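Enquirer: One file: input01.cif (mmCIF, N, CA and C atoms).
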data_input
loop_
_atom_site.group_PDB
_atom_site.id
_atom_site.type_symbol
_atom_site.label_atom_id
_atom_site.label_comp_id
_atom_site.auth_asym_id
_atom_site.auth_seq_id
_atom_site.Cartn_x
_atom_site.Cartn_y
_atom_site.Cartn_z
ATOM 1 N N MET A 97 142.839 -299.781 -3.531
ATOM 2 C CA MET A 97 141.793 -298.811 -3.779
ATOM 3 C C MET A 97 142.394 -297.407 -3.749
ATOM 4 N N ILE A 98 142.065 -296.614 -4.726
ATOM 5 C CA ILE A 98 142.606 -295.266 -4.844
ATOM 6 C C ILE A 98 141.597 -294.258 -4.308
ATOM 7 N N THR A 99 142.100 -293.286 -3.545
ATOM 8 C CA THR A 99 141.226 -292.243 -3.006
ATOM 9 C C THR A 99 140.971 -291.180 -4.076
ATOM 10 N N THR A 100 140.038 -290.299 -3.797
ATOM 11 C CA THR A 100 139.712 -289.223 -4.725
ATOM 12 C C THR A 100 140.901 -288.297 -4.929
ATOM 13 N N LYS A 101 141.606 -288.007 -3.864
ATOM 14 C CA LYS A 101 142.785 -287.138 -3.955
ATOM 15 C C LYS A 101 143.866 -287.766 -4.834
ATOM 16 N N GLN A 102 144.069 -289.060 -4.692
ATOM 17 C CA GLN A 102 145.050 -289.756 -5.506
ATOM 18 C C GLN A 102 144.608 -289.783 -6.970
ATOM 19 N N ARG A 103 143.314 -289.969 -7.189
ATOM 20 C CA ARG A 103 142.770 -289.987 -8.548
ATOM 21 C C ARG A 103 142.978 -288.621 -9.235
ATOM 22 N N VAL A 104 142.756 -287.544 -8.498
ATOM 23 C CA VAL A 104 142.967 -286.194 -9.033
ATOM 24 C C VAL A 104 144.437 -285.999 -9.383
ATOM 25 N N TYR A 105 145.325 -286.481 -8.527
ATOM 26 C CA TYR A 105 146.758 -286.365 -8.774
ATOM 27 C C TYR A 105 147.151 -287.123 -10.047
ATOM 28 N N LEU A 106 146.621 -288.328 -10.213
ATOM 29 C CA LEU A 106 146.930 -289.121 -11.407
ATOM 30 C C LEU A 106 146.372 -288.461 -12.669
ATOM 31 N N ARG A 107 145.208 -287.841 -12.562
ATOM 32 C CA ARG A 107 144.653 -287.108 -13.708
ATOM 33 C C ARG A 107 145.583 -285.980 -14.129
ATOM 34 N N SER A 108 146.142 -285.277 -13.152
ATOM 35 C CA SER A 108 147.052 -284.171 -13.476
ATOM 36 C C SER A 108 148.309 -284.683 -14.168
ATOM 37 N N LEU A 109 148.810 -285.834 -13.744
ATOM 38 C CA LEU A 109 149.975 -286.427 -14.402
ATOM 39 C C LEU A 109 149.640 -286.896 -15.815
ATOM 40 N N ALA A 110 148.432 -287.379 -16.006
ATOM 41 C CA ALA A 110 148.026 -287.931 -17.302
ATOM 42 C C ALA A 110 147.845 -286.850 -18.361
ATOM 43 N N GLN A 111 147.673 -285.606 -17.960
ATOM 44 C CA GLN A 111 147.508 -284.536 -18.945
ATOM 45 C C GLN A 111 148.725 -284.392 -19.841
ATOM 46 N N LYS A 112 149.885 -284.747 -19.330
ATOM 47 C CA LYS A 112 151.138 -284.541 -20.053
ATOM 48 C C LYS A 112 151.486 -285.675 -21.005
ATOM 49 N N ILE A 113 150.795 -286.802 -20.915
ATOM 50 C CA ILE A 113 151.165 -287.954 -21.739
ATOM 51 C C ILE A 113 150.198 -288.127 -22.902
ATOM 52 N N LYS A 114 150.685 -288.781 -23.943
ATOM 53 C CA LYS A 114 149.895 -289.068 -25.139
ATOM 54 C C LYS A 114 149.401 -290.510 -25.071
ATOM 55 N N PRO A 115 148.308 -290.829 -25.778
ATOM 56 C CA PRO A 115 147.841 -292.217 -25.806
ATOM 57 C C PRO A 115 148.906 -293.156 -26.379
ATOM 58 N N VAL A 116 149.075 -294.289 -25.727
ATOM 59 C CA VAL A 116 150.098 -295.252 -26.122
ATOM 60 C C VAL A 116 149.508 -296.342 -27.012
ATOM 61 N N PHE A 117 148.338 -296.840 -26.663
ATOM 62 C CA PHE A 117 147.674 -297.890 -27.425
ATOM 63 C C PHE A 117 146.352 -297.387 -27.961
ATOM 64 N N GLN A 118 145.881 -298.060 -29.021
ATOM 65 C CA GLN A 118 144.584 -297.746 -29.595
ATOM 66 C C GLN A 118 143.733 -299.003 -29.596
ATOM 67 N N ILE A 119 142.474 -298.829 -29.258
ATOM 68 C CA ILE A 119 141.528 -299.939 -29.314
ATOM 69 C C ILE A 119 140.752 -299.778 -30.608
ATOM 70 N N GLY A 120 140.893 -300.740 -31.507
ATOM 71 C CA GLY A 120 140.283 -300.652 -32.829
ATOM 72 C C GLY A 120 139.117 -301.603 -33.002
ATOM 73 N N LYS A 121 138.942 -302.051 -34.222
ATOM 74 C CA LYS A 121 137.796 -302.900 -34.532
ATOM 75 C C LYS A 121 137.890 -304.291 -33.898
ATOM 76 N N ASP A 122 139.100 -304.693 -33.499
ATOM 77 C CA ASP A 122 139.247 -305.987 -32.818
ATOM 78 C C ASP A 122 138.706 -305.942 -31.397
ATOM 79 N N GLY A 123 138.561 -304.741 -30.849
ATOM 80 C CA GLY A 123 137.982 -304.589 -29.515
ATOM 81 C C GLY A 123 138.934 -304.969 -28.406
ATOM 82 N N LEU A 124 138.362 -305.420 -27.310
ATOM 83 C CA LEU A 124 139.128 -305.788 -26.124
ATOM 84 C C LEU A 124 139.510 -307.258 -26.216
ATOM 85 N N SER A 125 140.812 -307.520 -26.254
ATOM 86 C CA SER A 125 141.286 -308.896 -26.399
ATOM 87 C C SER A 125 142.328 -309.201 -25.335
ATOM 88 N N GLU A 126 142.660 -310.453 -25.226
ATOM 89 C CA GLU A 126 143.685 -310.882 -24.265
ATOM 90 C C GLU A 126 145.055 -310.330 -24.660
ATOM 91 N N ASN A 127 145.317 -310.221 -25.971
ATOM 92 C CA ASN A 127 146.597 -309.656 -26.418
ATOM 93 C C ASN A 127 146.728 -308.197 -25.990
ATOM 94 N N LEU A 128 145.651 -307.442 -26.119
ATOM 95 C CA LEU A 128 145.651 -306.048 -25.685
ATOM 96 C C LEU A 128 145.904 -305.970 -24.182
ATOM 97 N N LEU A 129 145.223 -306.809 -23.420
ATOM 98 C CA LEU A 129 145.392 -306.814 -21.970
ATOM 99 C C LEU A 129 146.830 -307.139 -21.580
ATOM 100 N N GLU A 130 147.426 -308.101 -22.253
ATOM 101 C CA GLU A 130 148.808 -308.473 -21.972
ATOM 102 C C GLU A 130 149.759 -307.310 -22.270
ATOM 103 N N ASP A 131 149.546 -306.624 -23.398
ATOM 104 C CA ASP A 131 150.388 -305.483 -23.755
ATOM 105 C C ASP A 131 150.221 -304.339 -22.757
ATOM 106 N N VAL A 132 148.986 -304.090 -22.344
ATOM 107 C CA VAL A 132 148.710 -303.027 -21.380
ATOM 108 C C VAL A 132 149.373 -303.347 -20.042
ATOM 109 N N LEU A 133 149.260 -304.583 -19.583
ATOM 110 C CA LEU A 133 149.889 -304.976 -18.319
ATOM 111 C C LEU A 133 151.411 -304.852 -18.386
ATOM 112 N N ASN A 134 152.001 -305.241 -19.510
ATOM 113 C CA ASN A 134 153.451 -305.104 -19.671
ATOM 114 C C ASN A 134 153.867 -303.635 -19.629
ATOM 115 N N TYR A 135 153.099 -302.776 -20.288
ATOM 116 C CA TYR A 135 153.420 -301.347 -20.290
ATOM 117 C C TYR A 135 153.261 -300.757 -18.886
ATOM 118 N N LEU A 136 152.171 -301.101 -18.217
ATOM 119 C CA LEU A 136 151.933 -300.577 -16.869
ATOM 120 C C LEU A 136 152.969 -301.084 -15.869
ATOM 121 N N ASN A 137 153.525 -302.250 -16.118
ATOM 122 C CA ASN A 137 154.558 -302.794 -15.244
ATOM 123 C C ASN A 137 155.805 -301.907 -15.261
ATOM 124 N N LYS A 138 156.025 -301.209 -16.387
ATOM 125 C CA LYS A 138 157.198 -300.343 -16.515
ATOM 126 C C LYS A 138 156.895 -298.879 -16.239
ATOM 127 N N HIS A 139 155.651 -298.442 -16.503
ATOM 128 C CA HIS A 139 155.351 -297.011 -16.438
ATOM 129 C C HIS A 139 154.257 -296.623 -15.438
ATOM 130 N N GLU A 140 153.443 -297.522 -15.006
ATOM 131 C CA GLU A 140 152.366 -297.335 -14.018
ATOM 132 C C GLU A 140 151.164 -296.542 -14.518
ATOM 133 N N LEU A 141 151.335 -295.575 -15.395
ATOM 134 C CA LEU A 141 150.229 -294.726 -15.847
ATOM 135 C C LEU A 141 150.235 -294.676 -17.370
ATOM 136 N N MET A 142 149.054 -294.777 -17.961
ATOM 137 C CA MET A 142 148.985 -294.745 -19.427
ATOM 138 C C MET A 142 147.647 -294.238 -19.912
ATOM 139 N N LYS A 143 147.647 -293.818 -21.172
ATOM 140 C CA LYS A 143 146.418 -293.428 -21.859
ATOM 141 C C LYS A 143 146.194 -294.372 -23.022
ATOM 142 N N LEU A 144 144.932 -294.659 -23.280
ATOM 143 C CA LEU A 144 144.516 -295.431 -24.453
ATOM 144 C C LEU A 144 143.474 -294.612 -25.192
ATOM 145 N N SER A 145 143.446 -294.770 -26.499
ATOM 146 C CA SER A 145 142.386 -294.105 -27.256
ATOM 147 C C SER A 145 141.541 -295.178 -27.948
ATOM 148 N N ILE A 146 140.254 -294.905 -28.021
ATOM 149 C CA ILE A 146 139.315 -295.806 -28.682
ATOM 150 C C ILE A 146 139.034 -295.207 -30.054
ATOM 151 N N LEU A 147 139.350 -295.950 -31.096
ATOM 152 C CA LEU A 147 139.160 -295.446 -32.450
ATOM 153 C C LEU A 147 137.684 -295.337 -32.806
ATOM 154 N N GLN A 148 137.393 -294.502 -33.792
ATOM 155 C CA GLN A 148 136.005 -294.276 -34.213
ATOM 156 C C GLN A 148 135.345 -295.537 -34.763
ATOM 157 N N ASN A 149 136.122 -296.418 -35.411
ATOM 158 C CA ASN A 149 135.540 -297.627 -35.993
ATOM 159 C C ASN A 149 135.344 -298.757 -34.987
ATOM 160 N N SER A 150 135.693 -298.524 -33.730
ATOM 161 C CA SER A 150 135.551 -299.533 -32.691
ATOM 162 C C SER A 150 134.144 -299.501 -32.106
ATOM 163 N N LEU A 151 133.629 -300.672 -31.797
ATOM 164 C CA LEU A 151 132.315 -300.781 -31.173
ATOM 165 C C LEU A 151 132.400 -300.718 -29.654
ATOM 166 N N VAL A 152 133.603 -300.614 -29.125
ATOM 167 C CA VAL A 152 133.841 -300.610 -27.684
ATOM 168 C C VAL A 152 133.521 -299.229 -27.103
ATOM 169 N N GLU A 153 132.872 -299.218 -25.959
ATOM 170 C CA GLU A 153 132.579 -297.985 -25.234
ATOM 171 C C GLU A 153 133.492 -297.898 -24.008
ATOM 172 N N ALA A 154 133.591 -296.720 -23.425
ATOM 173 C CA ALA A 154 134.437 -296.513 -22.248
ATOM 174 C C ALA A 154 133.978 -297.378 -21.076
ATOM 175 N N SER A 155 132.665 -297.572 -20.935
ATOM 176 C CA SER A 155 132.164 -298.407 -19.837
ATOM 177 C C SER A 155 132.597 -299.858 -20.003
ATOM 178 N N ASP A 156 132.676 -300.335 -21.251
ATOM 179 C CA ASP A 156 133.168 -301.692 -21.509
ATOM 180 C C ASP A 156 134.634 -301.809 -21.101
ATOM 181 N N CYS A 157 135.409 -300.783 -21.407
ATOM 182 C CA CYS A 157 136.830 -300.765 -21.042
ATOM 183 C C CYS A 157 136.997 -300.773 -19.535
ATOM 184 N N GLU A 158 136.153 -300.012 -18.853
ATOM 185 C CA GLU A 158 136.245 -299.942 -17.390
ATOM 186 C C GLU A 158 136.040 -301.319 -16.773
ATOM 187 N N GLU A 159 135.027 -302.035 -17.213
ATOM 188 C CA GLU A 159 134.764 -303.380 -16.688
ATOM 189 C C GLU A 159 135.902 -304.334 -17.019
ATOM 190 N N PHE A 160 136.393 -304.274 -18.256
ATOM 191 C CA PHE A 160 137.438 -305.174 -18.729
ATOM 192 C C PHE A 160 138.733 -304.988 -17.945
ATOM 193 N N PHE A 161 139.178 -303.738 -17.799
ATOM 194 C CA PHE A 161 140.452 -303.480 -17.130
ATOM 195 C C PHE A 161 140.352 -303.596 -15.615
ATOM 196 N N THR A 162 139.220 -303.246 -15.039
ATOM 197 C CA THR A 162 139.039 -303.377 -13.600
ATOM 198 C C THR A 162 139.067 -304.848 -13.192
ATOM 199 N N ALA A 163 138.516 -305.715 -14.024
ATOM 200 C CA ALA A 163 138.538 -307.152 -13.740
ATOM 201 C C ALA A 163 139.967 -307.699 -13.734
ATOM 202 N N ALA A 164 140.875 -307.020 -14.434
ATOM 203 C CA ALA A 164 142.277 -307.449 -14.485
ATOM 204 C C ALA A 164 143.118 -306.807 -13.392
ATOM 205 N N GLY A 165 142.503 -306.041 -12.492
ATOM 206 C CA GLY A 165 143.234 -305.431 -11.395
ATOM 207 C C GLY A 165 143.871 -304.102 -11.738
ATOM 208 N N ILE A 166 143.417 -303.467 -12.808
ATOM 209 C CA ILE A 166 143.938 -302.174 -13.231
ATOM 210 C C ILE A 166 142.948 -301.092 -12.803
ATOM 211 N N GLU A 167 143.465 -299.995 -12.251
ATOM 212 C CA GLU A 167 142.613 -298.883 -11.822
ATOM 213 C C GLU A 167 142.209 -298.054 -13.036
ATOM 214 N N PHE A 168 140.917 -297.867 -13.218
ATOM 215 C CA PHE A 168 140.388 -297.019 -14.277
ATOM 216 C C PHE A 168 140.274 -295.618 -13.693
ATOM 217 N N ILE A 169 141.110 -294.696 -14.143
ATOM 218 C CA ILE A 169 141.183 -293.368 -13.554
ATOM 219 C C ILE A 169 140.114 -292.446 -14.125
ATOM 220 N N GLN A 170 140.029 -292.350 -15.445
ATOM 221 C CA GLN A 170 139.037 -291.474 -16.041
ATOM 222 C C GLN A 170 138.887 -291.757 -17.528
ATOM 223 N N HIS A 171 137.806 -291.256 -18.088
ATOM 224 C CA HIS A 171 137.671 -291.228 -19.541
ATOM 225 C C HIS A 171 137.129 -289.870 -19.955
ATOM 226 N N ILE A 172 137.694 -289.368 -21.016
ATOM 227 C CA ILE A 172 137.220 -288.130 -21.618
ATOM 228 C C ILE A 172 137.028 -288.436 -23.087
ATOM 229 N N GLY A 173 135.787 -288.397 -23.518
ATOM 230 C CA GLY A 173 135.498 -288.727 -24.902
ATOM 231 C C GLY A 173 135.888 -290.165 -25.191
ATOM 232 N N ARG A 174 136.822 -290.348 -26.103
ATOM 233 C CA ARG A 174 137.267 -291.682 -26.485
ATOM 234 C C ARG A 174 138.688 -291.975 -25.999
ATOM 235 N N THR A 175 139.105 -291.269 -24.962
ATOM 236 C CA THR A 175 140.419 -291.481 -24.362
ATOM 237 C C THR A 175 140.234 -291.897 -22.914
ATOM 238 N N ILE A 176 140.949 -292.967 -22.517
ATOM 239 C CA ILE A 176 140.856 -293.448 -21.139
ATOM 240 C C ILE A 176 142.240 -293.446 -20.497
ATOM 241 N N VAL A 177 142.259 -293.303 -19.179
ATOM 242 C CA VAL A 177 143.501 -293.283 -18.406
ATOM 243 C C VAL A 177 143.473 -294.456 -17.432
ATOM 244 N N LEU A 178 144.571 -295.216 -17.408
ATOM 245 C CA LEU A 178 144.685 -296.391 -16.547
ATOM 246 C C LEU A 178 145.914 -296.266 -15.650
ATOM 247 N N TYR A 179 145.828 -296.891 -14.464
ATOM 248 C CA TYR A 179 146.938 -296.888 -13.511
ATOM 249 C C TYR A 179 147.028 -298.247 -12.839
ATOM 250 N N LYS A 180 148.260 -298.699 -12.640
ATOM 251 C CA LYS A 180 148.500 -299.908 -11.851
ATOM 252 C C LYS A 180 149.863 -299.747 -11.186
ATOM 253 N N HIS A 181 149.881 -299.893 -9.865
ATOM 254 C CA HIS A 181 151.137 -299.781 -9.125
ATOM 255 C C HIS A 181 152.071 -300.912 -9.528
ATOM 256 N N SER A 182 153.360 -300.571 -9.670
ATOM 257 C CA SER A 182 154.359 -301.560 -10.029
ATOM 258 C C SER A 182 155.638 -301.301 -9.254
ATOM 259 N N ASP A 183 156.263 -302.355 -8.791
ATOM 260 C CA ASP A 183 157.548 -302.235 -8.112
ATOM 261 C C ASP A 183 158.701 -302.161 -9.108
ATOM 262 N N ASN A 184 158.423 -302.447 -10.383
ATOM 263 C CA ASN A 184 159.459 -302.461 -11.415
ATOM 264 C C ASN A 184 159.464 -301.204 -12.268
ATOM 265 N N ALA A 185 158.732 -300.182 -11.895
ATOM 266 C CA ALA A 185 158.607 -298.976 -12.717
ATOM 267 C C ALA A 185 159.919 -298.219 -12.787
ATOM 268 N N LYS A 186 160.166 -297.585 -13.957
ATOM 269 C CA LYS A 186 161.374 -296.779 -14.140
ATOM 270 C C LYS A 186 161.355 -295.578 -13.198
ATOM 271 N N ASP A 187 160.295 -294.800 -13.263
ATOM 272 C CA ASP A 187 160.101 -293.646 -12.382
ATOM 273 C C ASP A 187 158.815 -293.873 -11.597
ATOM 274 N N PRO A 188 158.890 -294.477 -10.417
ATOM 275 C CA PRO A 188 157.669 -294.776 -9.665
ATOM 276 C C PRO A 188 156.898 -293.508 -9.305
ATOM 277 N N ILE A 189 155.593 -293.613 -9.375
ATOM 278 C CA ILE A 189 154.717 -292.501 -9.031
ATOM 279 C C ILE A 189 154.438 -292.555 -7.533
ATOM 280 N N GLU A 190 154.685 -291.442 -6.866
ATOM 281 C CA GLU A 190 154.381 -291.365 -5.432
ATOM 282 C C GLU A 190 153.024 -290.713 -5.273
ATOM 283 N N LEU A 191 152.053 -291.490 -4.867
ATOM 284 C CA LEU A 191 150.707 -290.978 -4.662
ATOM 285 C C LEU A 191 150.615 -290.211 -3.358
ATOM 286 N N PRO A 192 149.712 -289.211 -3.294
ATOM 287 C CA PRO A 192 149.507 -288.536 -2.016
ATOM 288 C C PRO A 192 149.096 -289.531 -0.946
ATOM 289 N N VAL A 193 149.528 -289.303 0.274
ATOM 290 C CA VAL A 193 149.294 -290.236 1.372
ATOM 291 C C VAL A 193 147.822 -290.186 1.786
ATOM 292 N N ARG A 194 147.291 -291.356 2.057
ATOM 293 C CA ARG A 194 145.911 -291.488 2.505
ATOM 294 C C ARG A 194 145.840 -291.096 3.981
ATOM 295 N N ARG A 195 144.946 -290.164 4.300
ATOM 296 C CA ARG A 195 144.777 -289.757 5.696
ATOM 297 C C ARG A 195 143.653 -290.534 6.332
ATOM 298 N N LYS A 196 143.792 -290.772 7.629
ATOM 299 C CA LYS A 196 142.790 -291.567 8.329
ATOM 300 C C LYS A 196 141.810 -290.687 9.047
#
Written as structure tokens, how would this file's structure read?
Expert:
Amino acid sequence: MITTKQRVYLRSLAQKIKPVFQIGKDGLSENLLEDVLNYLNKHELMKLSILQNSLVEASDCEEFFTAAGIEFIQHIGRTIVLYKHSDNAKDPIELPVRRK
């Protein structure tokens, strides 16, 4: 579970990156999920864009990716940001420490 402070930190990191995958008319599929998981295994943070011809909404994406154990960080318009911790990442992201 990610805290609000960690979520804000990830949002700031996501500003610098471009969308890697696009969700099109095929919608949310197992192939997309597999590709997203493979990418997150190496990079931990990513952006996806939802194309105009897609019937998928951001709320659908949130349910789909959250069910797969991926943290849904934010959506702005038709762009969503996802995060999943990985021990195999090239440059691991150090999240702010959770205070008790």
Enquirer: Work out how far apart atom CA of A:Leu106 and atom CA of A:Leu141 are and give it in Å to one decimal.
Expert: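 These atoms are spaced 7.9 Å apart.
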Enquirer: Step by step, work through what the PyMOL selection byres (((chain A and resi 156-168 and name CA) around 6) and name CA) selects in the shown file, and finish by giving those residues as a ChimeraX atom specification.
Expert: /A:153-155,169-170,178-180
Enquirer: How would the residues just chosen look if you wrote them out with N, CA and C atoms as a tab-separated table (two decimals), in the coordinates of the input?
Expert:
chain	number	residue	atom	x	y	z
A	153	GLU	N	132.87	-299.22	-25.96
A	153	GLU	CA	132.58	-297.98	-25.23
A	153	GLU	C	133.49	-297.90	-24.01
A	154	ALA	N	133.59	-296.72	-23.42
A	154	ALA	CA	134.44	-296.51	-22.25
A	154	ALA	C	133.98	-297.38	-21.08
A	155	SER	N	132.66	-297.57	-20.94
A	155	SER	CA	132.16	-298.41	-19.84
A	155	SER	C	132.60	-299.86	-20.00
A	169	ILE	N	141.11	-294.70	-14.14
A	169	ILE	CA	141.18	-293.37	-13.55
A	169	ILE	C	140.11	-292.45	-14.12
A	170	GLN	N	140.03	-292.35	-15.44
A	170	GLN	CA	139.04	-291.47	-16.04
A	170	GLN	C	138.89	-291.76	-17.53
A	178	LEU	N	144.57	-295.22	-17.41
A	178	LEU	CA	144.68	-296.39	-16.55
A	178	LEU	C	145.91	-296.27	-15.65
A	179	TYR	N	145.83	-296.89	-14.46
A	179	TYR	CA	146.94	-296.89	-13.51
A	179	TYR	C	147.03	-298.25	-12.84
A	180	LYS	N	148.26	-298.70	-12.64
A	180	LYS	CA	148.50	-299.91	-11.85
A	180	LYS	C	149.86	-299.75	-11.19
Enquirer: Excluding A:Phe117 and its own-chain neighbours fewer than 5 positions away, which residues fall within 6 Å of it when counting all atoms listed in the file? Please give them as an mmCIF file with N, CA and C atoms, keeping the file's coordinate frame.
Expert:
data_model
loop_
_atom_site.group_PDB
_atom_site.id
_atom_site.type_symbol
_atom_site.label_atom_id
_atom_site.label_comp_id
_atom_site.auth_asym_id
_atom_site.auth_seq_id
_atom_site.Cartn_x
_atom_site.Cartn_y
_atom_site.Cartn_z
ATOM 1 N N LYS A 143 147.647 -293.818 -21.172
ATOM 2 C CA LYS A 143 146.418 -293.428 -21.859
ATOM 3 C C LYS A 143 146.194 -294.372 -23.022
ATOM 4 N N LEU A 144 144.932 -294.659 -23.280
ATOM 5 C CA LEU A 144 144.516 -295.431 -24.453
ATOM 6 C C LEU A 144 143.474 -294.612 -25.192
ATOM 7 N N SER A 145 143.446 -294.770 -26.499
ATOM 8 C CA SER A 145 142.386 -294.105 -27.256
ATOM 9 C C SER A 145 141.541 -295.178 -27.948
#
Enquirer: Using the chain letters and numbers from this document, which residues of chain A does DSSP assign to strand (DSSP E or B), as a list in words?
Expert: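 Matching residues, listed in order: Phe117, Gln118, Ile119, Leu141, Met142, Lys143, Leu144, Ser145, Ile146, Glu167, Phe168, Ile169, Gln170, His171, Ile172, Thr175, Ile176, Val177, Leu178 and Tyr179 of chain A.
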Enquirer: Keeping N, CA and C atoms, export the residues of the selection given above as a PDB file, in the coordinates of the input.
Expert:
ATOM      1  N   PHE A 117     148.338-296.840 -26.663  1.00  0.00           N
ATOM      2  CA  PHE A 117     147.674-297.890 -27.425  1.00  0.00           C
ATOM      3  C   PHE A 117     146.352-297.387 -27.961  1.00  0.00           C
ATOM      4  N   GLN A 118     145.881-298.060 -29.021  1.00  0.00           N
ATOM      5  CA  GLN A 118     144.584-297.746 -29.595  1.00  0.00           C
ATOM      6  C   GLN A 118     143.733-299.003 -29.596  1.00  0.00           C
ATOM      7  N   ILE A 119     142.474-298.829 -29.258  1.00  0.00           N
ATOM      8  CA  ILE A 119     141.528-299.939 -29.314  1.00  0.00           C
ATOM      9  C   ILE A 119     140.752-299.778 -30.608  1.00  0.00           C
ATOM     10  N   LEU A 141     151.335-295.575 -15.395  1.00  0.00           N
ATOM     11  CA  LEU A 141     150.229-294.726 -15.847  1.00  0.00           C
ATOM     12  C   LEU A 141     150.235-294.676 -17.370  1.00  0.00           C
ATOM     13  N   MET A 142     149.054-294.777 -17.961  1.00  0.00           N
ATOM     14  CA  MET A 142     148.985-294.745 -19.427  1.00  0.00           C
ATOM     15  C   MET A 142     147.647-294.238 -19.912  1.00  0.00           C
ATOM     16  N   LYS A 143     147.647-293.818 -21.172  1.00  0.00           N
ATOM     17  CA  LYS A 143     146.418-293.428 -21.859  1.00  0.00           C
ATOM     18  C   LYS A 143     146.194-294.372 -23.022  1.00  0.00           C
ATOM     19  N   LEU A 144     144.932-294.659 -23.280  1.00  0.00           N
ATOM     20  CA  LEU A 144     144.516-295.431 -24.453  1.00  0.00           C
ATOM     21  C   LEU A 144     143.474-294.612 -25.192  1.00  0.00           C
ATOM     22  N   SER A 145     143.446-294.770 -26.499  1.00  0.00           N
ATOM     23  CA  SER A 145     142.386-294.105 -27.256  1.00  0.00           C
ATOM     24  C   SER A 145     141.541-295.178 -27.948  1.00  0.00           C
ATOM     25  N   ILE A 146     140.254-294.905 -28.021  1.00  0.00           N
ATOM     26  CA  ILE A 146     139.315-295.806 -28.682  1.00  0.00           C
ATOM     27  C   ILE A 146     139.034-295.207 -30.054  1.00  0.00           C
ATOM     28  N   GLU A 167     143.465-299.995 -12.251  1.00  0.00           N
ATOM     29  CA  GLU A 167     142.613-298.883 -11.822  1.00  0.00           C
ATOM     30  C   GLU A 167     142.209-298.054 -13.036  1.00  0.00           C
ATOM     31  N   PHE A 168     140.917-297.867 -13.218  1.00  0.00           N
ATOM     32  CA  PHE A 168     140.388-297.019 -14.277  1.00  0.00           C
ATOM     33  C   PHE A 168     140.274-295.618 -13.693  1.00  0.00           C
ATOM     34  N   ILE A 169     141.110-294.696 -14.143  1.00  0.00           N
ATOM     35  CA  ILE A 169     141.183-293.368 -13.554  1.00  0.00           C
ATOM     36  C   ILE A 169     140.114-292.446 -14.125  1.00  0.00           C
ATOM     37  N   GLN A 170     140.029-292.350 -15.445  1.00  0.00           N
ATOM     38  CA  GLN A 170     139.037-291.474 -16.041  1.00  0.00           C
ATOM     39  C   GLN A 170     138.887-291.757 -17.528  1.00  0.00           C
ATOM     40  N   HIS A 171     137.806-291.256 -18.088  1.00  0.00           N
ATOM     41  CA  HIS A 171     137.671-291.228 -19.541  1.00  0.00           C
ATOM     42  C   HIS A 171     137.129-289.870 -19.955  1.00  0.00           C
ATOM     43  N   ILE A 172     137.694-289.368 -21.016  1.00  0.00           N
ATOM     44  CA  ILE A 172     137.220-288.130 -21.618  1.00  0.00           C
ATOM     45  C   ILE A 172     137.028-288.436 -23.087  1.00  0.00           C
ATOM     46  N   THR A 175     139.105-291.269 -24.962  1.00  0.00           N
ATOM     47  CA  THR A 175     140.419-291.481 -24.362  1.00  0.00           C
ATOM     48  C   THR A 175     140.234-291.897 -22.914  1.00  0.00           C
ATOM     49  N   ILE A 176     140.949-292.967 -22.517  1.00  0.00           N
ATOM     50  CA  ILE A 176     140.856-293.448 -21.139  1.00  0.00           C
ATOM     51  C   ILE A 176     142.240-293.446 -20.497  1.00  0.00           C
ATOM     52  N   VAL A 177     142.259-293.303 -19.179  1.00  0.00           N
ATOM     53  CA  VAL A 177     143.501-293.283 -18.406  1.00  0.00           C
ATOM     54  C   VAL A 177     143.473-294.456 -17.432  1.00  0.00           C
ATOM     55  N   LEU A 178     144.571-295.216 -17.408  1.00  0.00           N
ATOM     56  CA  LEU A 178     144.685-296.391 -16.547  1.00  0.00           C
ATOM     57  C   LEU A 178     145.914-296.266 -15.650  1.00  0.00           C
ATOM     58  N   TYR A 179     145.828-296.891 -14.464  1.00  0.00           N
ATOM     59  CA  TYR A 179     146.938-296.888 -13.511  1.00  0.00           C
ATOM     60  C   TYR A 179     147.028-298.247 -12.839  1.00  0.00           C
TER      61      TYR A 179
END
Enquirer: Apply the PyMOL selection byres ((chain A and resi 184) around 8) to the displayed file and report the matching residues as a list in words.
Expert: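 Selection result, ordered by chain and number: Leu136, Asn137, Lys138, His139, Glu140, His181, Ser182, Asp183, Ala185, Lys186, Asp187 and Pro188 of chain A.
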Enquirer: Next, the residues of the selection above should be written as a compact mmCIF listing (two decimals), in the coordinates of the input with N, CA and C atoms.
Expert:
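selection35.txt written:
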# COMPACT_ATOMS: atom_id res chain seq x y z
N LEU A 136 152.17 -301.10 -18.22
CA LEU A 136 151.93 -300.58 -16.87
C LEU A 136 152.97 -301.08 -15.87
N ASN A 137 153.52 -302.25 -16.12
CA ASN A 137 154.56 -302.79 -15.24
C ASN A 137 155.80 -301.91 -15.26
N LYS A 138 156.02 -301.21 -16.39
CA LYS A 138 157.20 -300.34 -16.52
C LYS A 138 156.90 -298.88 -16.24
N HIS A 139 155.65 -298.44 -16.50
CA HIS A 139 155.35 -297.01 -16.44
C HIS A 139 154.26 -296.62 -15.44
N GLU A 140 153.44 -297.52 -15.01
CA GLU A 140 152.37 -297.33 -14.02
C GLU A 140 151.16 -296.54 -14.52
N HIS A 181 149.88 -299.89 -9.86
CA HIS A 181 151.14 -299.78 -9.12
C HIS A 181 152.07 -300.91 -9.53
N SER A 182 153.36 -300.57 -9.67
CA SER A 182 154.36 -301.56 -10.03
C SER A 182 155.64 -301.30 -9.25
N ASP A 183 156.26 -302.36 -8.79
CA ASP A 183 157.55 -302.24 -8.11
C ASP A 183 158.70 -302.16 -9.11
N ALA A 185 158.73 -300.18 -11.90
CA ALA A 185 158.61 -298.98 -12.72
C ALA A 185 159.92 -298.22 -12.79
N LYS A 186 160.17 -297.58 -13.96
CA LYS A 186 161.37 -296.78 -14.14
C LYS A 186 161.35 -295.58 -13.20
N ASP A 187 160.29 -294.80 -13.26
CA ASP A 187 160.10 -293.65 -12.38
C ASP A 187 158.82 -293.87 -11.60
N PRO A 188 158.89 -294.48 -10.42
CA PRO A 188 157.67 -294.78 -9.66
C PRO A 188 156.90 -293.51 -9.30
Enquirer: How would you write, as a list in words, the residues chosen by the PyMOL selection byres ((chain A and resi 152) around 8) on this structure?
Expert: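 Applied to this file, the PyMOL selection byres ((chain A and resi 152) around 8) returns Ile119, Gly120, Lys121, Asp122, Gly123, Leu124, Ile146, Leu147, Gln148, Asn149, Ser150, Leu151, Glu153, Ala154, Ser155, Asp156 and Cys157 of chain A.
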